[in-house]
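Enquirer: Here you go, upload-v4.cif (mmCIF, N, CA and C atoms):
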```
data_entry
loop_
_atom_site.group_PDB
_atom_site.id
_atom_site.type_symbol
_atom_site.label_atom_id
_atom_site.label_comp_id
_atom_site.auth_asym_id
_atom_site.auth_seq_id
_atom_site.Cartn_x
_atom_site.Cartn_y
_atom_site.Cartn_z
ATOM 1 N N MET T 141 -12.569 -11.579 5.765
ATOM 2 C CA MET T 141 -11.939 -10.423 5.172
ATOM 3 C C MET T 141 -10.427 -10.592 5.293
ATOM 4 N N TYR T 142 -9.710 -10.059 4.297
ATOM 5 C CA TYR T 142 -8.256 -10.157 4.252
ATOM 6 C C TYR T 142 -7.666 -8.779 3.986
ATOM 7 N N ALA T 143 -6.401 -8.615 4.313
ATOM 8 C CA ALA T 143 -5.745 -7.330 4.080
ATOM 9 C C ALA T 143 -4.333 -7.547 3.573
ATOM 10 N N VAL T 144 -3.869 -6.560 2.841
ATOM 11 C CA VAL T 144 -2.480 -6.518 2.410
ATOM 12 C C VAL T 144 -1.819 -5.411 3.222
ATOM 13 N N VAL T 145 -0.808 -5.793 3.977
ATOM 14 C CA VAL T 145 -0.084 -4.849 4.823
ATOM 15 C C VAL T 145 1.254 -4.569 4.163
ATOM 16 N N GLY T 146 1.552 -3.302 3.988
ATOM 17 C CA GLY T 146 2.817 -2.907 3.385
ATOM 18 C C GLY T 146 3.619 -2.039 4.334
ATOM 19 N N MET T 147 4.902 -2.292 4.402
ATOM 20 C CA MET T 147 5.833 -1.477 5.175
ATOM 21 C C MET T 147 6.792 -0.864 4.169
ATOM 22 N N TRP T 148 6.953 0.448 4.239
ATOM 23 C CA TRP T 148 7.682 1.183 3.213
ATOM 24 C C TRP T 148 8.678 2.138 3.841
ATOM 25 N N THR T 149 9.792 2.363 3.159
ATOM 26 C CA THR T 149 10.721 3.431 3.520
ATOM 27 C C THR T 149 10.678 4.428 2.369
ATOM 28 N N MET T 150 10.484 5.695 2.719
ATOM 29 C CA MET T 150 10.329 6.740 1.720
ATOM 30 C C MET T 150 11.504 7.711 1.789
ATOM 31 N N ASP T 151 11.978 8.124 0.640
ATOM 32 C CA ASP T 151 13.018 9.141 0.560
ATOM 33 C C ASP T 151 12.370 10.495 0.868
ATOM 34 N N PRO T 152 12.715 11.109 2.006
ATOM 35 C CA PRO T 152 12.064 12.369 2.379
ATOM 36 C C PRO T 152 12.288 13.495 1.373
ATOM 37 N N ALA T 153 13.329 13.416 0.564
ATOM 38 C CA ALA T 153 13.578 14.445 -0.446
ATOM 39 C C ALA T 153 12.528 14.411 -1.561
ATOM 40 N N GLN T 154 11.795 13.302 -1.669
ATOM 41 C CA GLN T 154 10.783 13.166 -2.720
ATOM 42 C C GLN T 154 9.358 13.147 -2.159
ATOM 43 N N ARG T 155 9.193 13.658 -0.968
ATOM 44 C CA ARG T 155 7.894 13.582 -0.282
ATOM 45 C C ARG T 155 6.760 14.232 -1.084
ATOM 46 N N GLU T 156 7.008 15.382 -1.656
ATOM 47 C CA GLU T 156 5.950 16.064 -2.410
ATOM 48 C C GLU T 156 5.492 15.207 -3.593
ATOM 49 N N LEU T 157 6.431 14.647 -4.332
ATOM 50 C CA LEU T 157 6.103 13.764 -5.450
ATOM 51 C C LEU T 157 5.349 12.530 -4.959
ATOM 52 N N GLN T 158 5.831 11.919 -3.887
ATOM 53 C CA GLN T 158 5.197 10.718 -3.350
ATOM 54 C C GLN T 158 3.761 10.991 -2.914
ATOM 55 N N ASP T 159 3.539 12.119 -2.243
ATOM 56 C CA ASP T 159 2.189 12.476 -1.805
ATOM 57 C C ASP T 159 1.261 12.676 -3.001
ATOM 58 N N ALA T 160 1.767 13.313 -4.054
ATOM 59 C CA ALA T 160 0.950 13.537 -5.248
ATOM 60 C C ALA T 160 0.603 12.215 -5.932
ATOM 61 N N ILE T 161 1.578 11.330 -6.054
ATOM 62 C CA ILE T 161 1.330 10.026 -6.673
ATOM 63 C C ILE T 161 0.316 9.229 -5.848
ATOM 64 N N LEU T 162 0.467 9.250 -4.544
ATOM 65 C CA LEU T 162 -0.471 8.543 -3.668
ATOM 66 C C LEU T 162 -1.883 9.067 -3.877
ATOM 67 N N ARG T 163 -2.045 10.370 -3.812
ATOM 68 C CA ARG T 163 -3.366 11.000 -3.896
ATOM 69 C C ARG T 163 -3.994 10.856 -5.285
ATOM 70 N N GLU T 164 -3.191 11.043 -6.326
ATOM 71 C CA GLU T 164 -3.732 11.102 -7.684
ATOM 72 C C GLU T 164 -3.806 9.759 -8.400
ATOM 73 N N ARG T 165 -2.904 8.829 -8.056
ATOM 74 C CA ARG T 165 -2.859 7.566 -8.801
ATOM 75 C C ARG T 165 -3.106 6.339 -7.935
ATOM 76 N N ILE T 166 -2.372 6.249 -6.828
ATOM 77 C CA ILE T 166 -2.439 5.011 -6.044
ATOM 78 C C ILE T 166 -3.801 4.818 -5.391
ATOM 79 N N VAL T 167 -4.261 5.793 -4.636
ATOM 80 C CA VAL T 167 -5.536 5.623 -3.924
ATOM 81 C C VAL T 167 -6.694 5.349 -4.896
ATOM 82 N N PRO T 168 -6.868 6.148 -5.958
ATOM 83 C CA PRO T 168 -7.966 5.832 -6.878
ATOM 84 C C PRO T 168 -7.809 4.459 -7.555
ATOM 85 N N GLY T 169 -6.575 4.090 -7.902
ATOM 86 C CA GLY T 169 -6.351 2.793 -8.531
ATOM 87 C C GLY T 169 -6.641 1.638 -7.598
ATOM 88 N N VAL T 170 -6.191 1.743 -6.373
ATOM 89 C CA VAL T 170 -6.445 0.687 -5.386
ATOM 90 C C VAL T 170 -7.945 0.558 -5.145
ATOM 91 N N ALA T 171 -8.644 1.668 -5.068
ATOM 92 C CA ALA T 171 -10.094 1.655 -4.807
ATOM 93 C C ALA T 171 -10.862 0.918 -5.907
ATOM 94 N N ARG T 172 -10.294 0.829 -7.095
ATOM 95 C CA ARG T 172 -10.942 0.106 -8.202
ATOM 96 C C ARG T 172 -10.566 -1.378 -8.243
ATOM 97 N N SER T 173 -9.723 -1.826 -7.335
ATOM 98 C CA SER T 173 -9.274 -3.224 -7.331
ATOM 99 C C SER T 173 -10.417 -4.160 -6.977
ATOM 100 N N GLU T 174 -10.374 -5.332 -7.591
ATOM 101 C CA GLU T 174 -11.367 -6.373 -7.323
ATOM 102 C C GLU T 174 -11.400 -6.711 -5.828
ATOM 103 N N GLY T 175 -12.567 -6.708 -5.230
ATOM 104 C CA GLY T 175 -12.735 -7.084 -3.832
ATOM 105 C C GLY T 175 -12.352 -6.020 -2.820
ATOM 106 N N PHE T 176 -11.956 -4.845 -3.279
ATOM 107 C CA PHE T 176 -11.523 -3.765 -2.377
ATOM 108 C C PHE T 176 -12.645 -3.379 -1.415
ATOM 109 N N ILE T 177 -12.272 -3.202 -0.142
ATOM 110 C CA ILE T 177 -13.215 -2.708 0.869
ATOM 111 C C ILE T 177 -12.806 -1.318 1.336
ATOM 112 N N ARG T 178 -11.581 -1.201 1.843
ATOM 113 C CA ARG T 178 -11.076 0.111 2.289
ATOM 114 C C ARG T 178 -9.568 0.068 2.398
ATOM 115 N N GLY T 179 -8.972 1.245 2.447
ATOM 116 C CA GLY T 179 -7.524 1.315 2.563
ATOM 117 C C GLY T 179 -7.116 2.456 3.469
ATOM 118 N N ALA T 180 -5.962 2.299 4.084
ATOM 119 C CA ALA T 180 -5.380 3.351 4.918
ATOM 120 C C ALA T 180 -3.881 3.391 4.647
ATOM 121 N N TRP T 181 -3.383 4.600 4.507
ATOM 122 C CA TRP T 181 -1.958 4.831 4.278
ATOM 123 C C TRP T 181 -1.488 5.748 5.388
ATOM 124 N N SER T 182 -0.389 5.410 6.030
ATOM 125 C CA SER T 182 0.074 6.212 7.160
ATOM 126 C C SER T 182 1.551 6.541 7.028
ATOM 127 N N ARG T 183 1.930 7.611 7.723
ATOM 128 C CA ARG T 183 3.312 8.068 7.713
ATOM 129 C C ARG T 183 3.761 8.179 9.168
ATOM 130 N N GLU T 184 4.945 7.663 9.445
ATOM 131 C CA GLU T 184 5.541 7.781 10.774
ATOM 132 C C GLU T 184 5.677 9.265 11.127
ATOM 133 N N VAL T 185 5.333 9.625 12.342
ATOM 134 C CA VAL T 185 5.389 11.025 12.765
ATOM 135 C C VAL T 185 6.810 11.554 12.701
ATOM 136 N N GLU T 186 7.750 10.799 13.191
ATOM 137 C CA GLU T 186 9.162 11.188 13.141
ATOM 138 C C GLU T 186 9.936 10.070 12.460
ATOM 139 N N GLY T 187 10.247 10.265 11.207
ATOM 140 C CA GLY T 187 10.984 9.237 10.485
ATOM 141 C C GLY T 187 10.505 9.135 9.061
ATOM 142 N N ASP T 188 10.988 8.114 8.366
ATOM 143 C CA ASP T 188 10.677 7.965 6.951
ATOM 144 C C ASP T 188 9.953 6.662 6.641
ATOM 145 N N ARG T 189 9.388 6.031 7.671
ATOM 146 C CA ARG T 189 8.664 4.782 7.450
ATOM 147 C C ARG T 189 7.169 5.054 7.264
ATOM 148 N N HIS T 190 6.565 4.267 6.373
ATOM 149 C CA HIS T 190 5.146 4.365 6.081
ATOM 150 C C HIS T 190 4.542 2.973 6.162
ATOM 151 N N THR T 191 3.246 2.927 6.402
ATOM 152 C CA THR T 191 2.524 1.663 6.452
ATOM 153 C C THR T 191 1.235 1.798 5.650
ATOM 154 N N SER T 192 0.896 0.765 4.913
ATOM 155 C CA SER T 192 -0.396 0.729 4.227
ATOM 156 C C SER T 192 -1.151 -0.515 4.697
ATOM 157 N N PHE T 193 -2.471 -0.379 4.788
ATOM 158 C CA PHE T 193 -3.335 -1.471 5.234
ATOM 159 C C PHE T 193 -4.562 -1.432 4.338
ATOM 160 N N ILE T 194 -4.640 -2.370 3.396
ATOM 161 C CA ILE T 194 -5.694 -2.378 2.389
ATOM 162 C C ILE T 194 -6.527 -3.646 2.583
ATOM 163 N N THR T 195 -7.826 -3.487 2.831
ATOM 164 C CA THR T 195 -8.678 -4.647 3.084
ATOM 165 C C THR T 195 -9.463 -5.048 1.835
ATOM 166 N N PHE T 196 -9.656 -6.367 1.733
ATOM 167 C CA PHE T 196 -10.353 -6.968 0.608
ATOM 168 C C PHE T 196 -11.384 -7.965 1.128
ATOM 169 N N ALA T 197 -12.383 -8.221 0.309
ATOM 170 C CA ALA T 197 -13.465 -9.114 0.693
ATOM 171 C C ALA T 197 -13.032 -10.569 0.780
ATOM 172 N N ASP T 198 -12.006 -10.938 0.008
ATOM 173 C CA ASP T 198 -11.610 -12.344 -0.026
ATOM 174 C C ASP T 198 -10.087 -12.467 -0.181
ATOM 175 N N GLU T 199 -9.592 -13.637 0.139
ATOM 176 C CA GLU T 199 -8.153 -13.886 0.115
ATOM 177 C C GLU T 199 -7.557 -13.768 -1.287
ATOM 178 N N GLN T 200 -8.252 -14.276 -2.293
ATOM 179 C CA GLN T 200 -7.713 -14.229 -3.650
ATOM 180 C C GLN T 200 -7.527 -12.792 -4.128
ATOM 181 N N SER T 201 -8.475 -11.928 -3.818
ATOM 182 C CA SER T 201 -8.336 -10.514 -4.202
ATOM 183 C C SER T 201 -7.129 -9.886 -3.521
ATOM 184 N N ALA T 202 -6.940 -10.209 -2.249
ATOM 185 C CA ALA T 202 -5.792 -9.668 -1.511
ATOM 186 C C ALA T 202 -4.485 -10.178 -2.109
ATOM 187 N N ARG T 203 -4.406 -11.459 -2.398
ATOM 188 C CA ARG T 203 -3.181 -12.023 -2.971
ATOM 189 C C ARG T 203 -2.892 -11.464 -4.370
ATOM 190 N N SER T 204 -3.913 -11.307 -5.161
ATOM 191 C CA SER T 204 -3.732 -10.735 -6.499
ATOM 192 C C SER T 204 -3.223 -9.302 -6.407
ATOM 193 N N PHE T 205 -3.784 -8.528 -5.497
ATOM 194 C CA PHE T 205 -3.344 -7.151 -5.314
ATOM 195 C C PHE T 205 -1.883 -7.108 -4.863
ATOM 196 N N ALA T 206 -1.512 -7.972 -3.931
ATOM 197 C CA ALA T 206 -0.135 -8.000 -3.440
ATOM 198 C C ALA T 206 0.839 -8.282 -4.587
ATOM 199 N N GLU T 207 0.463 -9.160 -5.503
ATOM 200 C CA GLU T 207 1.328 -9.460 -6.650
ATOM 201 C C GLU T 207 1.494 -8.243 -7.557
ATOM 202 N N VAL T 208 0.433 -7.494 -7.757
ATOM 203 C CA VAL T 208 0.516 -6.272 -8.567
ATOM 204 C C VAL T 208 1.502 -5.297 -7.929
ATOM 205 N N VAL T 209 1.422 -5.149 -6.619
ATOM 206 C CA VAL T 209 2.324 -4.242 -5.904
ATOM 207 C C VAL T 209 3.765 -4.710 -6.046
ATOM 208 N N ARG T 210 4.000 -5.992 -5.882
ATOM 209 C CA ARG T 210 5.367 -6.529 -5.999
ATOM 210 C C ARG T 210 5.948 -6.303 -7.393
ATOM 211 N N ARG T 211 5.112 -6.428 -8.413
ATOM 212 C CA ARG T 211 5.589 -6.247 -9.787
ATOM 213 C C ARG T 211 5.861 -4.776 -10.124
ATOM 214 N N ASN T 212 5.473 -3.878 -9.255
ATOM 215 C CA ASN T 212 5.633 -2.443 -9.502
ATOM 216 C C ASN T 212 6.880 -1.866 -8.828
ATOM 217 N N ALA T 213 7.827 -2.695 -8.468
ATOM 218 C CA ALA T 213 9.012 -2.254 -7.720
ATOM 219 C C ALA T 213 9.825 -1.202 -8.465
ATOM 220 N N ALA T 214 9.924 -1.293 -9.776
ATOM 221 C CA ALA T 214 10.726 -0.322 -10.531
ATOM 222 C C ALA T 214 10.134 1.077 -10.425
ATOM 223 N N ALA T 215 8.828 1.208 -10.570
ATOM 224 C CA ALA T 215 8.177 2.520 -10.455
ATOM 225 C C ALA T 215 8.280 3.046 -9.031
ATOM 226 N N GLN T 216 8.179 2.156 -8.061
ATOM 227 C CA GLN T 216 8.312 2.570 -6.663
ATOM 228 C C GLN T 216 9.699 3.159 -6.429
ATOM 229 N N SER T 217 10.711 2.490 -6.927
ATOM 230 C CA SER T 217 12.088 2.934 -6.756
ATOM 231 C C SER T 217 12.320 4.306 -7.387
ATOM 232 N N GLU T 218 11.748 4.527 -8.560
ATOM 233 C CA GLU T 218 11.891 5.822 -9.235
ATOM 234 C C GLU T 218 11.326 6.968 -8.405
ATOM 235 N N ALA T 219 10.320 6.681 -7.575
ATOM 236 C CA ALA T 219 9.698 7.706 -6.739
ATOM 237 C C ALA T 219 10.316 7.755 -5.339
ATOM 238 N N GLY T 220 11.428 7.042 -5.142
ATOM 239 C CA GLY T 220 12.092 7.062 -3.844
ATOM 240 C C GLY T 220 11.398 6.234 -2.779
ATOM 241 N N VAL T 221 10.719 5.173 -3.221
ATOM 242 C CA VAL T 221 9.959 4.310 -2.312
ATOM 243 C C VAL T 221 10.588 2.925 -2.315
ATOM 244 N N SER T 222 10.813 2.390 -1.125
ATOM 245 C CA SER T 222 11.353 1.045 -0.977
ATOM 246 C C SER T 222 10.355 0.207 -0.186
ATOM 247 N N ASN T 223 9.947 -0.920 -0.753
ATOM 248 C CA ASN T 223 9.024 -1.818 -0.053
ATOM 249 C C ASN T 223 9.828 -2.727 0.866
ATOM 250 N N ASP T 224 9.705 -2.510 2.161
ATOM 251 C CA ASP T 224 10.441 -3.296 3.143
ATOM 252 C C ASP T 224 9.775 -4.628 3.437
ATOM 253 N N ASP T 225 8.449 -4.643 3.385
ATOM 254 C CA ASP T 225 7.710 -5.874 3.655
ATOM 255 C C ASP T 225 6.311 -5.735 3.089
ATOM 256 N N LEU T 226 5.759 -6.832 2.617
ATOM 257 C CA LEU T 226 4.410 -6.850 2.066
ATOM 258 C C LEU T 226 3.853 -8.234 2.326
ATOM 259 N N PHE T 227 2.721 -8.308 3.009
ATOM 260 C CA PHE T 227 2.168 -9.601 3.324
ATOM 261 C C PHE T 227 0.659 -9.544 3.431
ATOM 262 N N VAL T 228 0.028 -10.705 3.254
ATOM 263 C CA VAL T 228 -1.421 -10.834 3.339
ATOM 264 C C VAL T 228 -1.769 -11.385 4.710
ATOM 265 N N VAL T 229 -2.772 -10.776 5.338
ATOM 266 C CA VAL T 229 -3.232 -11.224 6.650
ATOM 267 C C VAL T 229 -4.747 -11.481 6.592
ATOM 268 N N GLU T 230 -5.222 -12.332 7.476
ATOM 269 C CA GLU T 230 -6.648 -12.489 7.664
ATOM 270 C C GLU T 230 -7.092 -11.543 8.761
ATOM 271 N N VAL T 231 -8.098 -10.750 8.480
ATOM 272 C CA VAL T 231 -8.645 -9.832 9.482
ATOM 273 C C VAL T 231 -9.641 -10.627 10.310
ATOM 274 N N ILE T 232 -9.362 -10.805 11.585
ATOM 275 C CA ILE T 232 -10.222 -11.660 12.409
ATOM 276 C C ILE T 232 -11.175 -10.883 13.314
ATOM 277 N N GLU T 233 -10.903 -9.608 13.562
ATOM 278 C CA GLU T 233 -11.814 -8.755 14.334
ATOM 279 C C GLU T 233 -11.578 -7.312 13.943
ATOM 280 N N GLN T 234 -12.581 -6.494 14.091
ATOM 281 C CA GLN T 234 -12.433 -5.054 13.891
ATOM 282 C C GLN T 234 -13.467 -4.337 14.742
ATOM 283 N N ALA T 235 -13.242 -3.075 14.996
ATOM 284 C CA ALA T 235 -14.186 -2.287 15.805
ATOM 285 C C ALA T 235 -14.450 -0.966 15.116
#
```
Rewrite the structure from the file as structure tokens, please.
Expert:
Amino acid sequence: MYAVVGMWTMDPAQRELQDAILRERIVPGVARSEGFIRGAWSREVEGDRHTSFITFADEQSARSFAEVVRRNAAAQSEAGVSNDDLFVVEVIEQA
């Protein structure tokens, strides 16, 4: 199993818009991705950093998804979202 880990900085002035986009567009769209297993999106308790952890059945699906995310930088910027880091990892254990 593989995952795409994203580190994001969010403009707190656009939080309501960002939450709506996440709930209405991003989560359902990601769930339809090839090889998708599960996803988690988190928000720092105090601050403007967010993390996403999306798991896929195989490495190619994870890499393809990461490329889609990278190509979406303009839309992310319009919503006050900055991608600080995005990388593919191999999931070696889980509980």
Enquirer: Identify which of the residues T:Ala206, T:Ala197, T:Ala219, T:Ile232 lies closest to Arg155 in chain T, counting only C-alpha atoms when measuring atom-to-atom distances.
Expert: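 Going through T:Ala206, T:Ala197, T:Ala219, T:Ile232 one by one, the smallest distance to Arg155 in chain T is for T:Ala219.
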Enquirer: DSSP on the backbone: what in chain T comes out helix (DSSP H, G or I), as a PyMOL selection string?
Expert: chain T and resi 152-171+199-211+213-218
Enquirer: How about saving the chosen residues, N, CA and C atoms kept, as a compact mmCIF listing (two decimals), in the frame of the given file?
Expert:
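File produced: selection_27.txt:
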```txt
# COMPACT_ATOMS: atom_id res chain seq x y z
N PRO T 152 12.72 11.11 2.01
CA PRO T 152 12.06 12.37 2.38
C PRO T 152 12.29 13.50 1.37
N ALA T 153 13.33 13.42 0.56
CA ALA T 153 13.58 14.44 -0.45
C ALA T 153 12.53 14.41 -1.56
N GLN T 154 11.80 13.30 -1.67
CA GLN T 154 10.78 13.17 -2.72
C GLN T 154 9.36 13.15 -2.16
N ARG T 155 9.19 13.66 -0.97
CA ARG T 155 7.89 13.58 -0.28
C ARG T 155 6.76 14.23 -1.08
N GLU T 156 7.01 15.38 -1.66
CA GLU T 156 5.95 16.06 -2.41
C GLU T 156 5.49 15.21 -3.59
N LEU T 157 6.43 14.65 -4.33
CA LEU T 157 6.10 13.76 -5.45
C LEU T 157 5.35 12.53 -4.96
N GLN T 158 5.83 11.92 -3.89
CA GLN T 158 5.20 10.72 -3.35
C GLN T 158 3.76 10.99 -2.91
N ASP T 159 3.54 12.12 -2.24
CA ASP T 159 2.19 12.48 -1.80
C ASP T 159 1.26 12.68 -3.00
N ALA T 160 1.77 13.31 -4.05
CA ALA T 160 0.95 13.54 -5.25
C ALA T 160 0.60 12.22 -5.93
N ILE T 161 1.58 11.33 -6.05
CA ILE T 161 1.33 10.03 -6.67
C ILE T 161 0.32 9.23 -5.85
N LEU T 162 0.47 9.25 -4.54
CA LEU T 162 -0.47 8.54 -3.67
C LEU T 162 -1.88 9.07 -3.88
N ARG T 163 -2.04 10.37 -3.81
CA ARG T 163 -3.37 11.00 -3.90
C ARG T 163 -3.99 10.86 -5.28
N GLU T 164 -3.19 11.04 -6.33
CA GLU T 164 -3.73 11.10 -7.68
C GLU T 164 -3.81 9.76 -8.40
N ARG T 165 -2.90 8.83 -8.06
CA ARG T 165 -2.86 7.57 -8.80
C ARG T 165 -3.11 6.34 -7.94
N ILE T 166 -2.37 6.25 -6.83
CA ILE T 166 -2.44 5.01 -6.04
C ILE T 166 -3.80 4.82 -5.39
N VAL T 167 -4.26 5.79 -4.64
CA VAL T 167 -5.54 5.62 -3.92
C VAL T 167 -6.69 5.35 -4.90
N PRO T 168 -6.87 6.15 -5.96
CA PRO T 168 -7.97 5.83 -6.88
C PRO T 168 -7.81 4.46 -7.56
N GLY T 169 -6.58 4.09 -7.90
CA GLY T 169 -6.35 2.79 -8.53
C GLY T 169 -6.64 1.64 -7.60
N VAL T 170 -6.19 1.74 -6.37
CA VAL T 170 -6.44 0.69 -5.39
C VAL T 170 -7.94 0.56 -5.14
N ALA T 171 -8.64 1.67 -5.07
CA ALA T 171 -10.09 1.66 -4.81
C ALA T 171 -10.86 0.92 -5.91
N GLU T 199 -9.59 -13.64 0.14
CA GLU T 199 -8.15 -13.89 0.12
C GLU T 199 -7.56 -13.77 -1.29
N GLN T 200 -8.25 -14.28 -2.29
CA GLN T 200 -7.71 -14.23 -3.65
C GLN T 200 -7.53 -12.79 -4.13
N SER T 201 -8.48 -11.93 -3.82
CA SER T 201 -8.34 -10.51 -4.20
C SER T 201 -7.13 -9.89 -3.52
N ALA T 202 -6.94 -10.21 -2.25
CA ALA T 202 -5.79 -9.67 -1.51
C ALA T 202 -4.49 -10.18 -2.11
N ARG T 203 -4.41 -11.46 -2.40
CA ARG T 203 -3.18 -12.02 -2.97
C ARG T 203 -2.89 -11.46 -4.37
N SER T 204 -3.91 -11.31 -5.16
CA SER T 204 -3.73 -10.74 -6.50
C SER T 204 -3.22 -9.30 -6.41
N PHE T 205 -3.78 -8.53 -5.50
CA PHE T 205 -3.34 -7.15 -5.31
C PHE T 205 -1.88 -7.11 -4.86
N ALA T 206 -1.51 -7.97 -3.93
CA ALA T 206 -0.14 -8.00 -3.44
C ALA T 206 0.84 -8.28 -4.59
N GLU T 207 0.46 -9.16 -5.50
CA GLU T 207 1.33 -9.46 -6.65
C GLU T 207 1.49 -8.24 -7.56
N VAL T 208 0.43 -7.49 -7.76
CA VAL T 208 0.52 -6.27 -8.57
C VAL T 208 1.50 -5.30 -7.93
N VAL T 209 1.42 -5.15 -6.62
CA VAL T 209 2.32 -4.24 -5.90
C VAL T 209 3.76 -4.71 -6.05
N ARG T 210 4.00 -5.99 -5.88
CA ARG T 210 5.37 -6.53 -6.00
C ARG T 210 5.95 -6.30 -7.39
N ARG T 211 5.11 -6.43 -8.41
CA ARG T 211 5.59 -6.25 -9.79
C ARG T 211 5.86 -4.78 -10.12
N ALA T 213 7.83 -2.70 -8.47
CA ALA T 213 9.01 -2.25 -7.72
C ALA T 213 9.82 -1.20 -8.46
N ALA T 214 9.92 -1.29 -9.78
CA ALA T 214 10.73 -0.32 -10.53
C ALA T 214 10.13 1.08 -10.42
N ALA T 215 8.83 1.21 -10.57
CA ALA T 215 8.18 2.52 -10.46
C ALA T 215 8.28 3.05 -9.03
N GLN T 216 8.18 2.16 -8.06
CA GLN T 216 8.31 2.57 -6.66
C GLN T 216 9.70 3.16 -6.43
N SER T 217 10.71 2.49 -6.93
CA SER T 217 12.09 2.93 -6.76
C SER T 217 12.32 4.31 -7.39
N GLU T 218 11.75 4.53 -8.56
CA GLU T 218 11.89 5.82 -9.24
C GLU T 218 11.33 6.97 -8.40
```
Enquirer: Quick one: pull the distance between atom N of Gly179 in chain T and CA of Met147 in chain T, Å, one decimal.
Expert: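 About the pair atom N of Gly179 in chain T and CA of Met147 in chain T: they are 15.3 Å apart.
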Enquirer: Which centre and edge lengths in Å to one decimal define the box along x, y and z that fits every listed atom of range 177-183 of chain T plus 4 Å per side, as JSON?
Expert:
```
{"center_x": -4.7, "center_y": 2.5, "center_z": 4.5, "size_x": 25.0, "size_y": 19.4, "size_z": 17.3}
```
Enquirer: So that I can check the surroundings of Ser201 in chain T, please list as a list of chain:residue names every protein, DNA and RNA residue that reaches within 8 Å of it, counting only N, CA and C atoms and ignoring chain neighbours fewer than 2 positions away.
Expert: T:Tyr142, T:Ala143, T:Val144, T:Ser173, T:Glu174, T:Gly175, T:Phe176, T:Thr195, T:Phe196, T:Ala197, T:Asp198, T:Glu199, T:Arg203, T:Ser204, T:Phe205, T:Ala206, T:Glu207
Enquirer: Show which residues sit within 8 Å of Gln158 in chain T, as a PDB file with N, CA and C atoms, in the coordinates of the input. Count all atoms listed in the file, and ignore same-chain residues fewer than 6 positions away.
Expert:
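Result file around17.pdb:
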```
ATOM      1  N   GLU T 164      -3.191  11.043  -6.326  1.00  0.00           N
ATOM      2  CA  GLU T 164      -3.732  11.102  -7.684  1.00  0.00           C
ATOM      3  C   GLU T 164      -3.806   9.759  -8.400  1.00  0.00           C
ATOM      4  N   ALA T 219      10.320   6.681  -7.575  1.00  0.00           N
ATOM      5  CA  ALA T 219       9.698   7.706  -6.739  1.00  0.00           C
ATOM      6  C   ALA T 219      10.316   7.755  -5.339  1.00  0.00           C
ATOM      7  N   GLY T 220      11.428   7.042  -5.142  1.00  0.00           N
ATOM      8  CA  GLY T 220      12.092   7.062  -3.844  1.00  0.00           C
ATOM      9  C   GLY T 220      11.398   6.234  -2.779  1.00  0.00           C
ATOM     10  N   VAL T 221      10.719   5.173  -3.221  1.00  0.00           N
ATOM     11  CA  VAL T 221       9.959   4.310  -2.312  1.00  0.00           C
ATOM     12  C   VAL T 221      10.588   2.925  -2.315  1.00  0.00           C
TER      13      VAL T 221
END
```
Enquirer: Take atom C of Ala235 in chain T and atom C of Val185 in chain T and report the distance between them in Å, one decimal.
Expert: 24.8 Å
Enquirer: What's the 7 Å shell around Trp148 in chain T, counting all atoms listed in the file, without same-chain residues fewer than 4 positions away, as a PyMOL selection string?
Expert: chain T and resi 188-192+221-225
Enquirer: Which residue, T:Val208, T:Thr149, T:Val229, T:Ala215, has the smallest gap to Ile161 in chain T when you use only C-alpha atoms?
Expert: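 Of the candidates, the smallest distance to Ile161 in chain T is held by T:Ala215.
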Enquirer: How far is it from CA of Gln234 in chain T to atom N of Trp181 in chain T, in Å with one decimal?
Expert: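 Separation of CA of Gln234 in chain T and atom N of Trp181 in chain T: 16.2 Å.
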Enquirer: Hey, what does DSSP flag as strand (DSSP E) within range 166-224 of chain T? Can you give it to me as a list of chain:residue names?
Expert: T:Phe176, T:Ile177, T:Arg178, T:Gly179, T:Ala180, T:Trp181, T:Ser182, T:Arg183, T:Arg189, T:His190, T:Thr191, T:Ser192, T:Phe193, T:Ile194, T:Thr195, T:Phe196, T:Val221, T:Ser222, T:Asn223, T:Asp224
Enquirer: For each of T:Ala180, T:Ser217, T:Ala160, T:Pro168, take the minimum atom-to-atom distance to Gly146 in chain T, counting only C-alpha atoms, then give the residue where this is smallest.
Expert: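 Between T:Ala180, T:Ser217, T:Ala160, T:Pro168, the residue approaching Gly146 in chain T most closely is T:Ala180.
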